[in-house]
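Listing of structure_30.pdb, PDB, C-alpha atoms, pLDDT in the B column
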```pdb
ATOM      1  CA  MET A   1      24.608 -49.351  22.933  1.00 51.00           C
ATOM      2  CA  CYS A   2      22.022 -48.975  25.634  1.00 54.00           C
ATOM      3  CA  ASP A   3      22.660 -46.253  28.197  1.00 55.00           C
ATOM      4  CA  ALA A   4      20.102 -47.498  30.752  1.00 55.00           C
ATOM      5  CA  SER A   5      21.556 -48.683  34.001  1.00 56.00           C
ATOM      6  CA  ILE A   6      20.879 -52.054  35.556  1.00 56.00           C
ATOM      7  CA  ASN A   7      18.739 -50.397  38.240  1.00 54.00           C
ATOM      8  CA  ASP A   8      16.276 -49.109  35.597  1.00 59.00           C
ATOM      9  CA  ALA A   9      15.489 -52.688  34.545  1.00 58.00           C
ATOM     10  CA  LEU A  10      14.728 -53.955  38.054  1.00 58.00           C
ATOM     11  CA  PRO A  11      11.131 -54.086  39.252  1.00 58.00           C
ATOM     12  CA  PRO A  12      10.102 -51.578  41.909  1.00 55.00           C
ATOM     13  CA  PRO A  13      10.813 -52.708  45.458  1.00 53.00           C
ATOM     14  CA  ARG A  14       8.033 -54.488  47.325  1.00 57.00           C
ATOM     15  CA  ARG A  15       6.244 -52.718  50.151  1.00 57.00           C
ATOM     16  CA  LYS A  16       8.201 -52.714  53.348  1.00 65.00           C
ATOM     17  CA  LEU A  17       6.732 -54.902  56.039  1.00 64.00           C
ATOM     18  CA  VAL A  18       6.403 -53.452  59.489  1.00 69.00           C
ATOM     19  CA  PRO A  19       6.483 -56.342  61.965  1.00 74.00           C
ATOM     20  CA  GLY A  20       3.287 -56.629  63.992  1.00 84.00           C
ATOM     21  CA  MET A  21       1.382 -54.062  61.898  1.00 88.00           C
ATOM     22  CA  CYS A  22      -1.251 -54.206  59.136  1.00 90.00           C
ATOM     23  CA  ILE A  23       0.264 -55.017  55.725  1.00 88.00           C
ATOM     24  CA  LYS A  24      -1.724 -52.206  54.034  1.00 88.00           C
ATOM     25  CA  CYS A  25      -1.656 -49.172  56.337  1.00 89.00           C
ATOM     26  CA  LYS A  26       1.373 -50.194  58.444  1.00 88.00           C
ATOM     27  CA  VAL A  27       0.141 -48.153  61.421  1.00 89.00           C
ATOM     28  CA  THR A  28      -2.614 -50.241  63.017  1.00 89.00           C
ATOM     29  CA  LYS A  29      -2.267 -53.505  64.882  1.00 91.00           C
ATOM     30  CA  PRO A  30      -3.765 -56.347  62.828  1.00 90.00           C
ATOM     31  CA  SER A  31      -6.902 -58.166  63.916  1.00 91.00           C
ATOM     32  CA  ILE A  32      -7.355 -60.460  60.886  1.00 89.00           C
ATOM     33  CA  SER A  33      -4.935 -63.043  59.528  1.00 88.00           C
ATOM     34  CA  ILE A  34      -5.550 -64.556  56.102  1.00 86.00           C
ATOM     35  CA  ARG A  35      -2.944 -66.828  54.522  1.00 85.00           C
ATOM     36  CA  ARG A  36      -0.282 -65.458  56.861  1.00 82.00           C
ATOM     37  CA  THR A  37      -1.142 -61.890  55.823  1.00 86.00           C
ATOM     38  CA  LEU A  38      -2.137 -59.531  58.627  1.00 89.00           C
ATOM     39  CA  TYR A  39      -4.816 -56.840  58.154  1.00 91.00           C
ATOM     40  CA  CYS A  40      -6.495 -54.345  60.440  1.00 92.00           C
ATOM     41  CA  LYS A  41     -10.299 -54.345  60.220  1.00 92.00           C
ATOM     42  CA  ASP A  42     -10.562 -51.206  58.044  1.00 93.00           C
ATOM     43  CA  CYS A  43      -7.951 -52.344  55.508  1.00 92.00           C
ATOM     44  CA  PHE A  44      -9.478 -55.838  55.331  1.00 91.00           C
ATOM     45  CA  VAL A  45     -12.938 -54.442  54.580  1.00 91.00           C
ATOM     46  CA  LYS A  46     -11.584 -52.092  51.894  1.00 91.00           C
ATOM     47  CA  ALA A  47      -9.482 -54.836  50.276  1.00 91.00           C
ATOM     48  CA  SER A  48     -12.437 -57.254  50.292  1.00 90.00           C
ATOM     49  CA  ILE A  49     -14.737 -54.723  48.633  1.00 90.00           C
ATOM     50  CA  VAL A  50     -12.154 -53.955  45.933  1.00 89.00           C
ATOM     51  CA  LYS A  51     -11.654 -57.672  45.192  1.00 90.00           C
ATOM     52  CA  PHE A  52     -15.409 -58.319  45.124  1.00 88.00           C
ATOM     53  CA  ARG A  53     -16.031 -55.442  42.698  1.00 86.00           C
ATOM     54  CA  ALA A  54     -13.168 -56.573  40.460  1.00 86.00           C
ATOM     55  CA  ALA A  55     -14.584 -60.108  40.335  1.00 86.00           C
ATOM     56  CA  LEU A  56     -18.069 -58.826  39.408  1.00 81.00           C
ATOM     57  CA  THR A  57     -16.683 -56.556  36.713  1.00 78.00           C
ATOM     58  CA  LYS A  58     -14.553 -59.347  35.219  1.00 79.00           C
ATOM     59  CA  SER A  59     -17.513 -61.725  35.122  1.00 73.00           C
ATOM     60  CA  ARG A  60     -19.571 -59.120  33.257  1.00 66.00           C
ATOM     61  CA  LYS A  61     -16.881 -58.687  30.618  1.00 65.00           C
ATOM     62  CA  ARG A  62     -17.208 -62.385  29.766  1.00 60.00           C
ATOM     63  CA  VAL A  63     -20.935 -62.060  29.099  1.00 60.00           C
ATOM     64  CA  GLU A  64     -21.725 -59.723  26.226  1.00 65.00           C
ATOM     65  CA  LEU A  65     -25.509 -60.042  26.337  1.00 68.00           C
ATOM     66  CA  PRO A  66     -27.709 -56.967  26.679  1.00 70.00           C
ATOM     67  CA  GLN A  67     -29.958 -56.735  29.734  1.00 74.00           C
ATOM     68  CA  THR A  68     -27.762 -59.027  31.838  1.00 80.00           C
ATOM     69  CA  LYS A  69     -28.780 -59.345  35.470  1.00 84.00           C
ATOM     70  CA  VAL A  70     -26.836 -60.813  38.365  1.00 85.00           C
ATOM     71  CA  LEU A  71     -28.384 -63.496  40.591  1.00 88.00           C
ATOM     72  CA  VAL A  72     -27.558 -63.459  44.298  1.00 90.00           C
ATOM     73  CA  ALA A  73     -28.497 -66.561  46.286  1.00 90.00           C
ATOM     74  CA  LEU A  74     -29.825 -65.586  49.707  1.00 90.00           C
ATOM     75  CA  SER A  75     -30.094 -68.118  52.504  1.00 85.00           C
ATOM     76  CA  GLY A  76     -30.679 -65.527  55.211  1.00 84.00           C
ATOM     77  CA  GLY A  77     -27.310 -66.177  56.832  1.00 88.00           C
ATOM     78  CA  ALA A  78     -24.567 -63.650  57.461  1.00 91.00           C
ATOM     79  CA  ALA A  79     -22.467 -64.529  54.385  1.00 90.00           C
ATOM     80  CA  SER A  80     -25.251 -64.367  51.809  1.00 90.00           C
ATOM     81  CA  SER A  81     -26.666 -61.200  53.402  1.00 91.00           C
ATOM     82  CA  ALA A  82     -23.215 -59.583  53.171  1.00 91.00           C
ATOM     83  CA  MET A  83     -22.917 -60.628  49.513  1.00 90.00           C
ATOM     84  CA  LEU A  84     -26.311 -59.088  48.752  1.00 91.00           C
ATOM     85  CA  LYS A  85     -25.263 -55.825  50.446  1.00 91.00           C
ATOM     86  CA  LEU A  86     -21.941 -55.761  48.551  1.00 90.00           C
ATOM     87  CA  THR A  87     -23.760 -56.362  45.264  1.00 89.00           C
ATOM     88  CA  ALA A  88     -26.346 -53.644  45.961  1.00 88.00           C
ATOM     89  CA  ASP A  89     -23.615 -51.179  46.959  1.00 87.00           C
ATOM     90  CA  PHE A  90     -21.697 -52.044  43.784  1.00 86.00           C
ATOM     91  CA  MET A  91     -24.754 -51.439  41.608  1.00 84.00           C
ATOM     92  CA  ASN A  92     -25.529 -48.101  43.310  1.00 83.00           C
ATOM     93  CA  MET A  93     -22.013 -46.657  43.494  1.00 80.00           C
ATOM     94  CA  GLU A  94     -21.054 -43.521  41.573  1.00 71.00           C
ATOM     95  CA  ARG A  95     -19.095 -44.226  38.415  1.00 69.00           C
ATOM     96  CA  LYS A  96     -16.868 -41.969  36.346  1.00 67.00           C
ATOM     97  CA  GLY A  97     -15.477 -42.151  32.829  1.00 64.00           C
ATOM     98  CA  THR A  98     -15.892 -45.364  30.862  1.00 60.00           C
ATOM     99  CA  ASP A  99     -17.552 -47.106  33.817  1.00 59.00           C
ATOM    100  CA  ALA A 100     -20.472 -44.665  33.791  1.00 63.00           C
ATOM    101  CA  GLU A 101     -23.044 -47.451  33.720  1.00 71.00           C
ATOM    102  CA  PRO A 102     -23.203 -50.433  36.059  1.00 72.00           C
ATOM    103  CA  PRO A 103     -22.021 -53.684  34.463  1.00 74.00           C
ATOM    104  CA  PHE A 104     -25.404 -55.336  35.097  1.00 79.00           C
ATOM    105  CA  THR A 105     -28.924 -54.073  34.506  1.00 82.00           C
ATOM    106  CA  GLY A 106     -30.251 -55.372  37.800  1.00 85.00           C
ATOM    107  CA  VAL A 107     -29.981 -57.718  40.753  1.00 88.00           C
ATOM    108  CA  VAL A 108     -32.216 -60.747  41.231  1.00 91.00           C
ATOM    109  CA  VAL A 109     -32.379 -62.381  44.652  1.00 93.00           C
ATOM    110  CA  GLY A 110     -32.946 -66.134  44.761  1.00 92.00           C
ATOM    111  CA  HIS A 111     -34.033 -67.986  47.879  1.00 87.00           C
ATOM    112  CA  VAL A 112     -34.811 -71.694  48.178  1.00 76.00           C
ATOM    113  CA  ASP A 113     -36.736 -72.920  51.201  1.00 75.00           C
ATOM    114  CA  GLU A 114     -34.839 -76.151  51.782  1.00 73.00           C
ATOM    115  CA  SER A 115     -37.375 -77.459  54.274  1.00 74.00           C
ATOM    116  CA  CYS A 116     -39.719 -78.147  51.352  1.00 74.00           C
ATOM    117  CA  LEU A 117     -37.097 -80.300  49.656  1.00 74.00           C
ATOM    118  CA  PHE A 118     -36.544 -82.645  52.585  1.00 76.00           C
ATOM    119  CA  PRO A 119     -39.811 -83.367  54.418  1.00 73.00           C
ATOM    120  CA  GLY A 120     -39.322 -84.845  57.858  1.00 71.00           C
ATOM    121  CA  SER A 121     -35.929 -83.234  58.365  1.00 60.00           C
ATOM    122  CA  GLN A 122     -34.537 -82.488  61.834  1.00 59.00           C
ATOM    123  CA  GLU A 123     -35.927 -78.935  61.806  1.00 54.00           C
ATOM    124  CA  ASP A 124     -39.478 -80.326  61.543  1.00 49.00           C
ATOM    125  CA  GLU A 125     -38.843 -82.659  64.505  1.00 50.00           C
ATOM    126  CA  ILE A 126     -37.732 -79.889  66.864  1.00 48.00           C
TER     127      ILE A 126
END
```

Here is a file; write its structure as structure tokens.
Amino acid sequence: MCDASINDALPPPRRKLVPGMCIKCKVTKPSISIRRTLYCKDCFVKASIVKFRAALTKSRKRVELPQTKVLVALSGGAASSAMLKLTADFMNMERKGTDAEPPFTGVVVGHVDESCLFPGSQEDEI
């Protein structure tokens, strides 16, 4: 017969929510709301970086080719510039243990000048 109690089989309790506070640190007033989840700026930035790095690492595990590089499309806007910075930071971060080497051998930046594709567009008229 099993001597474990019912409480041993239950999953650990979820994090307690503090109303009106960041879901991660629970001490700072939130300034960002995503899918009804409230974050302070610092916790949002940290969570975003962790998710971005996890996504890059997972994509590398699918590709088992040597000398694999990652391509970052750069339009010059805020979002693509932020992605390039996140990718560069990820490639240059210190790694320990089994992750001693970066998952990619390099970063290639791709930029397409869309004005060449559509001559006579509104930008040319201004």

*Who sits within 12 Å of Cys43 in chain A, only C-alpha atoms, same chain under 4 positions skipped, as a ChimeraX atom specification*: /A:21-33,37-39,47-50

_Counting only C-alpha atoms, which residue out of A:Thr57, A:Thr68, A:Ser75, A:Asn92 sits closest to Val108 in chain A?_
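So, comparing all the options, the nearest one is A:Thr68.
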
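Between CA of Ser80 in chain A and CA of Ala55 in chain A the interatomic distance comes to 16.2 Å.
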
*If you measure from CA of Val72 in chain A to CA of Val109 in chain A, what distance in Å do you get, rounded to one decimal?*
5.0 Å

*For the structure shown, which residues end up in the PyMOL selection byres ((chain A and resi 106) around 9)? Put them as a VMD selection string, please?*
chain A and resid 67 to 71 91 102 104 to 105 107 to 108

Taking C-alpha atoms for each residue, export the selection above as a PDB file, keeping the file's coordinate frame.
```pdb
ATOM      1  CA  GLN A  67     -29.958 -56.735  29.734  1.00 74.00           C
ATOM      2  CA  THR A  68     -27.762 -59.027  31.838  1.00 80.00           C
ATOM      3  CA  LYS A  69     -28.780 -59.345  35.470  1.00 84.00           C
ATOM      4  CA  VAL A  70     -26.836 -60.813  38.365  1.00 85.00           C
ATOM      5  CA  LEU A  71     -28.384 -63.496  40.591  1.00 88.00           C
ATOM      6  CA  MET A  91     -24.754 -51.439  41.608  1.00 84.00           C
ATOM      7  CA  PRO A 102     -23.203 -50.433  36.059  1.00 72.00           C
ATOM      8  CA  PHE A 104     -25.404 -55.336  35.097  1.00 79.00           C
ATOM      9  CA  THR A 105     -28.924 -54.073  34.506  1.00 82.00           C
ATOM     10  CA  VAL A 107     -29.981 -57.718  40.753  1.00 88.00           C
ATOM     11  CA  VAL A 108     -32.216 -60.747  41.231  1.00 91.00           C
TER      12      VAL A 108
END
```

*Selected residue of minimal separation from Leu84 in chain A among A:Pro103, A:Phe52, A:Asp42, A:Gly20, counting all atoms listed in the file*: A:Phe52

*To one decimal in Å, tell me the separation between CA of His111 in chain A and CA of Ala73 in chain A.*
5.9 Å

_Proximity to Lys46 in chain A - best of A:Ser115, A:Leu86, A:Gly120, A:Glu94, all atoms listed in the file_ = A:Leu86
